[in-house]
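What follows is the content of final.cif, which has mmCIF, C-alpha atoms:
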```cif
data_protein
#
loop_
_atom_site.label_atom_id
_atom_site.label_comp_id
_atom_site.auth_asym_id
_atom_site.auth_seq_id
_atom_site.Cartn_x
_atom_site.Cartn_y
_atom_site.Cartn_z
CA MET S 687 6.31 52.66 3.63
CA LYS S 688 6.47 51.01 7.03
CA HIS S 689 7.08 47.26 6.78
CA ILE S 690 5.63 44.85 9.30
CA TYR S 691 8.42 42.32 9.48
CA ASP S 692 12.16 42.05 8.88
CA MET S 693 14.10 38.79 8.53
CA ASN S 694 17.82 39.05 7.79
CA ARG S 695 17.28 42.63 6.60
CA ARG S 696 14.68 41.51 4.04
CA LYS S 697 11.45 43.32 4.71
CA ILE S 698 8.07 41.66 4.39
CA THR S 699 5.11 43.83 3.43
CA LEU S 700 1.56 42.79 4.25
CA LEU S 701 -0.74 42.86 1.24
CA ASP S 702 -4.52 42.49 1.42
CA GLY S 703 -6.77 39.43 1.22
CA ALA S 704 -9.21 38.40 -1.47
CA VAL S 705 -11.14 41.34 -2.87
CA GLY S 706 -13.75 39.37 -4.81
CA THR S 707 -14.77 36.67 -2.33
CA SER S 708 -14.60 39.15 0.57
CA LEU S 709 -16.98 41.49 -1.26
CA TRP S 710 -19.33 38.57 -1.94
CA GLU S 711 -19.51 38.00 1.81
CA ARG S 712 -21.00 41.48 2.17
CA THR S 713 -23.93 40.98 -0.22
CA ASN S 714 -26.32 38.38 -1.62
CA ASP S 715 -25.53 39.60 -5.13
CA ARG S 716 -22.90 37.22 -6.51
CA GLY S 717 -22.45 38.94 -9.86
CA PRO S 718 -19.15 40.30 -11.21
CA VAL S 719 -17.69 42.23 -8.32
CA TRP S 720 -16.42 45.08 -10.52
CA LYS S 721 -20.09 46.08 -10.91
CA TYR S 722 -20.06 47.09 -7.25
CA ASN S 723 -17.85 50.07 -8.17
CA ILE S 724 -20.96 51.58 -9.75
CA GLU S 725 -23.86 49.82 -8.05
CA LYS S 726 -22.59 49.32 -4.46
CA PRO S 727 -19.62 51.65 -3.98
CA GLN S 728 -19.85 51.70 -0.18
CA LEU S 729 -19.17 47.94 -0.09
CA VAL S 730 -15.93 48.51 -1.97
CA ILE S 731 -14.88 51.33 0.33
CA ASP S 732 -15.71 49.33 3.46
CA GLN S 733 -13.77 46.29 2.26
CA ALA S 734 -10.64 48.29 1.46
CA LYS S 735 -10.87 50.04 4.83
CA GLU S 736 -11.16 46.72 6.63
CA PHE S 737 -7.97 45.40 5.08
CA GLN S 738 -6.14 48.64 5.79
CA ASN S 739 -7.31 48.65 9.40
CA ILE S 740 -5.85 45.17 9.85
CA GLY S 741 -2.50 46.40 8.62
CA SER S 742 -2.41 45.89 4.85
CA GLU S 743 0.10 48.28 3.34
CA ILE S 744 -0.89 47.73 -0.29
CA ILE S 745 -4.58 47.49 -1.22
CA LEU S 746 -5.89 46.19 -4.53
CA THR S 747 -8.49 48.09 -6.51
CA ASN S 748 -11.73 46.28 -7.37
CA THR S 749 -10.81 46.15 -11.06
CA PHE S 750 -9.33 42.67 -11.56
CA GLY S 751 -11.72 41.43 -14.28
CA ALA S 752 -12.95 44.80 -15.51
CA ASN S 753 -11.72 44.47 -19.09
CA ARG S 754 -13.53 44.85 -22.40
CA ASP S 755 -14.30 41.14 -22.70
CA ALA S 756 -16.42 41.27 -19.54
CA VAL S 757 -17.66 44.85 -19.28
CA SER S 758 -18.88 45.06 -22.88
CA ARG S 759 -21.61 42.54 -22.02
CA THR S 760 -23.21 45.09 -19.69
CA GLU S 761 -24.50 48.65 -19.87
CA TYR S 762 -21.24 49.94 -18.39
CA ASN S 763 -17.93 50.81 -20.00
CA VAL S 764 -14.38 49.97 -18.97
CA GLU S 765 -13.30 53.53 -18.29
CA GLU S 766 -16.07 54.34 -15.80
CA VAL S 767 -15.76 51.02 -13.96
CA VAL S 768 -11.98 51.05 -13.64
CA ARG S 769 -11.61 54.73 -12.83
CA MET S 770 -14.27 54.42 -10.15
CA GLY S 771 -12.49 51.37 -8.72
CA VAL S 772 -9.34 53.44 -8.15
CA LYS S 773 -11.31 56.41 -6.79
CA LEU S 774 -13.12 54.26 -4.24
CA THR S 775 -9.88 52.70 -3.02
CA ARG S 776 -8.34 56.15 -2.68
CA GLU S 777 -11.35 57.33 -0.68
CA ALA S 778 -11.03 54.30 1.61
CA LEU S 779 -7.32 54.93 2.19
CA ALA S 780 -7.53 58.69 2.72
CA ASP S 781 -5.21 59.91 5.48
CA THR S 782 -3.34 56.58 5.62
CA ASP S 783 0.07 55.49 4.33
CA ALA S 784 -1.33 52.50 2.43
CA LYS S 785 -0.60 52.28 -1.30
CA ILE S 786 -3.07 51.60 -4.09
CA ALA S 787 -2.38 48.75 -6.52
CA LEU S 788 -4.33 48.67 -9.77
CA ALA S 789 -5.49 45.04 -10.06
CA VAL S 790 -5.42 43.62 -13.60
CA GLY S 791 -6.19 40.00 -14.44
CA PRO S 792 -5.92 37.69 -17.46
CA LEU S 793 -8.34 37.78 -20.37
CA SER S 794 -10.94 35.05 -20.82
CA SER S 795 -9.84 34.48 -24.42
CA ILE S 796 -6.73 32.44 -25.26
CA LEU S 797 -3.91 33.77 -27.41
CA LYS S 798 -3.19 32.34 -30.84
CA PRO S 799 -2.25 29.69 -31.90
CA TRP S 800 -4.15 27.91 -29.10
CA GLY S 801 -7.07 30.34 -29.25
CA ASP S 802 -8.46 33.14 -31.39
CA LEU S 803 -7.00 36.19 -29.62
CA SER S 804 -4.17 38.02 -31.37
CA GLU S 805 -1.40 39.81 -29.48
CA THR S 806 -2.57 43.12 -30.97
CA GLU S 807 -6.11 42.58 -29.70
CA ALA S 808 -4.83 41.65 -26.24
CA GLN S 809 -2.61 44.72 -26.17
CA ASN S 810 -5.54 46.97 -27.10
CA ILE S 811 -7.68 45.50 -24.31
CA TYR S 812 -4.95 46.03 -21.73
CA GLU S 813 -4.23 49.54 -22.96
CA GLU S 814 -7.88 50.38 -22.36
CA GLN S 815 -8.08 48.85 -18.87
CA ILE S 816 -4.68 49.92 -17.57
CA GLY S 817 -4.95 53.33 -19.19
CA ALA S 818 -8.29 53.96 -17.47
CA GLY S 819 -6.87 52.96 -14.11
CA MET S 820 -3.67 54.96 -14.45
CA SER S 821 -5.63 58.11 -15.27
CA GLU S 822 -6.46 58.07 -11.53
CA HIS S 823 -2.78 57.64 -10.55
CA PRO S 824 -2.55 54.49 -8.42
CA ASP S 825 0.86 53.72 -6.93
CA ILE S 826 1.42 50.23 -8.37
CA ILE S 827 0.17 48.04 -11.21
CA TYR S 828 -0.40 44.47 -10.03
CA LEU S 829 -0.85 41.94 -12.87
CA MET S 830 -2.17 38.83 -11.18
CA THR S 831 -3.62 35.31 -11.60
CA PHE S 832 -2.21 34.91 -15.11
CA MET S 833 -1.89 31.38 -16.52
CA ASP S 834 -0.06 32.30 -19.73
CA VAL S 835 3.30 34.04 -19.52
CA ASP S 836 2.87 35.33 -23.09
CA MET S 837 -0.29 37.16 -22.04
CA MET S 838 1.53 38.46 -18.97
CA ARG S 839 4.32 39.74 -21.20
CA ILE S 840 1.80 41.73 -23.27
CA ALA S 841 0.29 43.25 -20.14
CA VAL S 842 3.74 44.14 -18.75
CA ASN S 843 4.63 45.95 -21.98
CA VAL S 844 1.51 48.08 -21.59
CA ALA S 845 2.11 48.67 -17.88
CA LYS S 846 5.70 49.83 -18.45
CA GLN S 847 4.42 52.98 -20.16
CA TYR S 848 3.38 54.42 -16.80
CA ASN S 849 6.62 54.41 -14.79
CA VAL S 850 5.21 52.89 -11.62
CA PRO S 851 6.24 49.62 -9.92
CA ILE S 852 4.90 46.53 -11.68
CA PHE S 853 4.06 43.39 -9.68
CA CYS S 854 3.47 40.11 -11.53
CA SER S 855 2.08 36.88 -10.13
CA MET S 856 1.00 33.73 -11.90
CA THR S 857 -1.37 30.98 -10.84
CA PHE S 858 -0.14 27.39 -10.69
CA THR S 859 -1.44 23.85 -10.60
CA LYS S 860 -0.34 21.39 -7.93
CA PHE S 861 2.24 20.09 -10.43
CA GLY S 862 4.20 23.35 -10.25
CA LYS S 863 3.28 24.72 -13.68
CA THR S 864 0.55 27.02 -14.93
CA MET S 865 -2.48 25.71 -16.82
CA MET S 866 -0.71 26.72 -20.03
CA GLY S 867 2.35 24.66 -19.07
CA ASN S 868 4.63 27.53 -18.03
CA SER S 869 7.27 26.59 -15.46
CA VAL S 870 8.78 28.93 -12.88
CA GLU S 871 11.89 29.06 -15.05
CA ASP S 872 9.84 30.04 -18.11
CA ILE S 873 8.19 32.84 -16.17
CA VAL S 874 11.38 34.26 -14.68
CA ASN S 875 13.21 34.07 -18.01
CA ALA S 876 10.41 35.94 -19.76
CA LEU S 877 9.60 38.61 -17.18
CA GLU S 878 12.79 39.41 -15.27
CA PRO S 879 14.51 41.04 -18.29
CA MET S 880 11.47 43.30 -18.71
CA GLY S 881 12.35 45.20 -15.55
CA ILE S 882 9.40 44.27 -13.34
CA ASP S 883 9.57 45.00 -9.62
CA ALA S 884 8.22 41.81 -8.00
CA ILE S 885 7.27 38.32 -9.14
CA GLY S 886 5.56 35.29 -7.65
CA MET S 887 2.30 33.37 -7.34
CA ASN S 888 -1.28 33.89 -6.29
CA CYS S 889 -4.56 31.97 -6.27
CA SER S 890 -5.27 28.31 -7.15
CA LEU S 891 -3.57 26.60 -4.22
CA GLY S 892 -3.38 26.81 -0.45
CA PRO S 893 -0.12 27.95 1.14
CA ASP S 894 1.03 24.44 2.03
CA ILE S 895 0.91 23.21 -1.58
CA SER S 896 2.31 26.52 -2.87
CA ILE S 897 5.53 26.51 -0.82
CA PRO S 898 7.49 24.45 -3.40
CA VAL S 899 6.54 26.96 -6.12
CA ILE S 900 7.78 29.98 -4.20
CA LYS S 901 10.97 28.11 -3.26
CA LYS S 902 11.66 27.57 -6.97
CA PHE S 903 11.28 31.29 -7.57
CA ALA S 904 13.74 31.99 -4.74
CA LYS S 905 16.34 29.71 -6.28
CA ILE S 906 16.45 31.41 -9.66
CA THR S 907 15.67 35.10 -9.17
CA GLN S 908 16.72 37.93 -6.90
CA LEU S 909 13.50 39.82 -7.54
CA PRO S 910 11.25 40.43 -4.50
CA LEU S 911 8.74 37.59 -4.26
CA LEU S 912 4.94 37.82 -4.01
CA PHE S 913 2.96 35.15 -2.18
CA LYS S 914 -0.85 35.38 -2.17
CA PRO S 915 -2.31 31.85 -1.94
CA ASN S 916 -5.92 30.79 -1.53
CA ALA S 917 -7.51 29.61 1.70
CA GLY S 918 -6.78 26.10 0.42
CA THR S 919 -8.18 24.82 -2.86
CA PRO S 920 -11.81 26.07 -2.97
CA ILE S 921 -14.46 23.38 -2.55
CA LEU S 922 -18.11 23.58 -3.62
CA SER S 923 -20.52 21.83 -1.27
CA SER S 924 -23.59 19.94 -2.44
CA ASP S 925 -25.73 23.07 -2.10
CA GLY S 926 -23.37 25.06 -4.31
CA LYS S 927 -21.74 27.13 -1.56
CA GLU S 928 -18.00 27.57 -1.52
CA GLU S 929 -16.26 26.10 1.50
CA ARG S 930 -12.78 26.89 2.79
CA PRO S 931 -10.64 23.80 3.29
CA CYS S 932 -8.57 25.40 6.05
CA THR S 933 -9.28 27.72 8.95
CA PRO S 934 -7.51 31.09 9.38
CA LYS S 935 -5.21 29.54 11.99
CA GLU S 936 -4.32 26.61 9.71
CA PHE S 937 -3.81 28.96 6.77
CA ALA S 938 -1.40 31.14 8.70
CA ALA S 939 0.50 28.16 10.14
CA ASN S 940 0.95 26.70 6.64
CA PHE S 941 2.13 30.12 5.51
CA VAL S 942 5.11 30.30 7.88
CA PRO S 943 7.71 28.49 5.69
CA ALA S 944 7.21 31.11 2.97
CA PHE S 945 8.53 33.89 5.23
CA GLU S 946 12.04 32.65 4.50
CA TYR S 947 11.70 33.62 0.85
CA VAL S 948 9.07 36.29 0.25
CA SER S 949 8.85 40.07 0.45
CA TYR S 950 5.10 40.54 -0.04
CA VAL S 951 2.45 38.36 1.61
CA GLY S 952 -1.35 38.28 1.49
CA GLY S 953 -4.20 36.05 0.49
CA CYS S 954 -6.34 35.26 -2.53
CA CYS S 955 -9.71 33.46 -2.90
CA GLY S 956 -11.44 32.84 0.41
CA THR S 957 -9.04 34.89 2.51
CA ASN S 958 -11.07 37.51 4.32
CA ALA S 959 -10.07 39.72 7.26
CA GLU S 960 -9.81 36.76 9.65
CA TYR S 961 -7.26 35.02 7.46
CA LEU S 962 -5.22 38.16 6.99
CA THR S 963 -5.25 38.83 10.72
CA ALA S 964 -3.93 35.33 11.35
CA VAL S 965 -1.07 35.86 8.88
CA LYS S 966 -0.21 39.17 10.52
CA LYS S 967 -0.06 37.43 13.91
CA GLU S 968 2.40 34.86 12.56
CA LEU S 969 4.53 37.64 11.12
CA LYS S 970 4.66 39.38 14.48
CA ASN S 971 5.45 36.14 16.29
CA ARG S 972 8.48 35.63 14.08
#
```

Please go through the file and, once you have read it, give me the structure as structure tokens.
Amino acid sequence: MKHIYDMNRRKITLLDGAVGTSLWERTNDRGPVWKYNIEKPQLVIDQAKEFQNIGSEIILTNTFGANRDAVSRTEYNVEEVVRMGVKLTREALADTDAKIALAVGPLSSILKPWGDLSETEAQNIYEEQIGAGMSEHPDIIYLMTFMDVDMMRIAVNVAKQYNVPIFCSMTFTKFGKTMMGNSVEDIVNALEPMGIDAIGMNCSLGPDISIPVIKKFAKITQLPLLFKPNAGTPILSSDGKEERPCTPKEFAANFVPAFEYVSYVGGCCGTNAEYLTAVKKELKNR
């Protein structure tokens, strides 16, 4: 894989931007974006192509929330939605060197003892989703936006069955911990011994507020670091539309301090092609 940037012999790979919010920009239908794999497949193909054309070397599948908890409420099933998500990404990336990352997110239920979900139930749900995706042979499994390291640990155990690289990123509050109270140290201590291939943060915060989190990761682990922040903390205007607190140029400028620490960079909620292009420009400048 060709890397876009090299600082002190540490290569930085450009990931993609936000799949969900970028797909929403292409349609007036603001339903679960995984439905587009079946109902609007060309949107999914076009979005993946756009990120690849900018220079993204790893592209997420449109499968983040396509687990039993969500899909069972519709006429679809997990296998068809997830398999199609991988197929569409592969079609978009045909004849390119870009890699496909199976996107898997947290479950809406909370694990016991804080909630009603047992570890066995969570494992079964992840086996279904990840198994469906891996039947189409993506290159990477990317477990992302988790708030509970125990749930991440369950997902990692399932992912390890498939002998592909496993990326893990958690989502943090401005206080430097996840919503479930997990610190960076908790996360590294739990996941590093499991043999994952990259670790870090995505979502929730803009790059400026996220820098201290990624610096903490850099201090305590030698694993390659993932950095995929939002376009600032999302804001809902009075008419219910989501606004981006920072422009692409501001986003990329705030991103620059992270280059000292990270190996994989991209964007999460609100980061469309313009934001990713701005990050790529900063990478080239430095």

- Item | Gap from atom CA of S:Thr747 to atom CA of S:Ile840 - Å, one decimal |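 Straight-line distance from atom CA of S:Thr747 to atom CA of S:Ile840 works out to 20.7 Å.
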
- Item | Length of the atom CA of S:Val768 to atom CA of S:Asp834 vector [Å] | 23.0 Å

Interface rows for stretch 789-856 of chain S against stretch 777-783 of chain S: nearest pair, Å to one decimal, 12 Å, only C-alpha atoms, as CSV:
```
residue,atom,partner,partner_atom,distance
S:Glu822,CA,S:Glu777,CA,11.9
S:Pro824,CA,S:Leu779,CA,11.6
S:Asp825,CA,S:Asp783,CA,11.4
```

May I have the selected residues written with C-alpha atoms, as a PDB file, in the frame of the given file?
```pdb
ATOM      1  CA  GLU S 822      -6.460  58.070 -11.530  1.00  0.00           C
ATOM      2  CA  PRO S 824      -2.550  54.490  -8.420  1.00  0.00           C
ATOM      3  CA  ASP S 825       0.860  53.720  -6.930  1.00  0.00           C
TER       4      ASP S 825
END
```

- Task: Please provide the set of residues having any atom within 6 Å of stretch 946-957 of chain S, restricted to all atoms listed in the file, with same-chain residues fewer than 4 positions apart removed, written as a ChimeraX atom specification.
- Result: /S:697-704,707,889,910-917,961

- Go through the shown structure with the PyMOL selection byres ((chain S and resi 893-902) around 6) and write out the matching residues as a list in words.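 Applied to this file, the PyMOL selection byres ((chain S and resi 893-902) around 6) returns Gly862, Gly892, Phe903, Ala904, Lys905, Pro915, Asn940 and Phe941 of chain S.
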
- Any chance you could resolve the PyMOL selection byres ((chain S and resi 770) around 10) against this file and give the residues as number ranges by chain? S: 720, 722-724, 727, 747-749, 764-769, 771-776, 818-819, 822

Can you give me N, CA, C and O atoms for stretch 952-971 of chain S, written as a short mmCIF file (atom, residue, chain, number, x, y, z; two decimals), in the coordinates of the input?
```cif
data_model
loop_
_atom_site.label_atom_id
_atom_site.label_comp_id
_atom_site.auth_asym_id
_atom_site.auth_seq_id
_atom_site.Cartn_x
_atom_site.Cartn_y
_atom_site.Cartn_z
N GLY S 952 0.08 37.99 1.36
CA GLY S 952 -1.35 38.28 1.49
C GLY S 952 -2.13 37.03 1.17
O GLY S 952 -1.61 35.92 1.26
N GLY S 953 -3.37 37.20 0.79
CA GLY S 953 -4.20 36.05 0.49
C GLY S 953 -5.04 36.28 -0.76
O GLY S 953 -5.30 37.42 -1.15
N CYS S 954 -5.47 35.17 -1.37
CA CYS S 954 -6.34 35.26 -2.53
C CYS S 954 -7.67 34.59 -2.15
O CYS S 954 -8.11 34.70 -1.01
N CYS S 955 -8.32 33.90 -3.06
CA CYS S 955 -9.71 33.46 -2.90
C CYS S 955 -9.98 32.86 -1.52
O CYS S 955 -9.27 31.97 -1.06
N GLY S 956 -11.03 33.36 -0.89
CA GLY S 956 -11.44 32.84 0.41
C GLY S 956 -10.79 33.49 1.61
O GLY S 956 -11.21 33.26 2.74
N THR S 957 -9.76 34.30 1.38
CA THR S 957 -9.04 34.89 2.51
C THR S 957 -9.63 36.25 2.86
O THR S 957 -9.32 37.25 2.24
N ASN S 958 -10.47 36.26 3.86
CA ASN S 958 -11.07 37.51 4.32
C ASN S 958 -10.22 38.10 5.45
O ASN S 958 -9.07 37.72 5.66
N ALA S 959 -10.82 39.02 6.21
CA ALA S 959 -10.07 39.72 7.26
C ALA S 959 -9.54 38.77 8.33
O ALA S 959 -8.44 38.98 8.87
N GLU S 960 -10.28 37.70 8.64
CA GLU S 960 -9.81 36.76 9.65
C GLU S 960 -8.52 36.07 9.23
O GLU S 960 -7.61 35.86 10.04
N TYR S 961 -8.45 35.69 7.97
CA TYR S 961 -7.26 35.02 7.46
C TYR S 961 -6.06 35.97 7.46
O TYR S 961 -4.94 35.59 7.83
N LEU S 962 -6.30 37.19 7.04
CA LEU S 962 -5.22 38.16 6.99
C LEU S 962 -4.72 38.49 8.39
O LEU S 962 -3.51 38.64 8.62
N THR S 963 -5.63 38.58 9.33
CA THR S 963 -5.25 38.83 10.72
C THR S 963 -4.38 37.70 11.26
O THR S 963 -3.39 37.95 11.99
N ALA S 964 -4.72 36.48 10.90
CA ALA S 964 -3.93 35.33 11.35
C ALA S 964 -2.52 35.35 10.77
O ALA S 964 -1.54 35.03 11.46
N VAL S 965 -2.39 35.74 9.50
CA VAL S 965 -1.07 35.86 8.88
C VAL S 965 -0.26 36.95 9.57
O VAL S 965 0.94 36.78 9.87
N LYS S 966 -0.91 38.08 9.86
CA LYS S 966 -0.21 39.17 10.52
C LYS S 966 0.30 38.72 11.89
O LYS S 966 1.43 39.07 12.31
N LYS S 967 -0.48 37.93 12.60
CA LYS S 967 -0.06 37.43 13.91
C LYS S 967 1.19 36.57 13.80
O LYS S 967 2.13 36.68 14.61
N GLU S 968 1.22 35.70 12.77
CA GLU S 968 2.40 34.86 12.56
C GLU S 968 3.63 35.70 12.21
O GLU S 968 4.74 35.41 12.65
N LEU S 969 3.42 36.75 11.45
CA LEU S 969 4.53 37.64 11.12
C LEU S 969 5.10 38.29 12.40
O LEU S 969 6.31 38.35 12.59
N LYS S 970 4.21 38.75 13.24
CA LYS S 970 4.66 39.38 14.48
C LYS S 970 5.36 38.39 15.40
O LYS S 970 6.34 38.72 16.08
N ASN S 971 4.84 37.16 15.44
CA ASN S 971 5.45 36.14 16.29
C ASN S 971 6.86 35.81 15.88
O ASN S 971 7.67 35.35 16.70
#
```
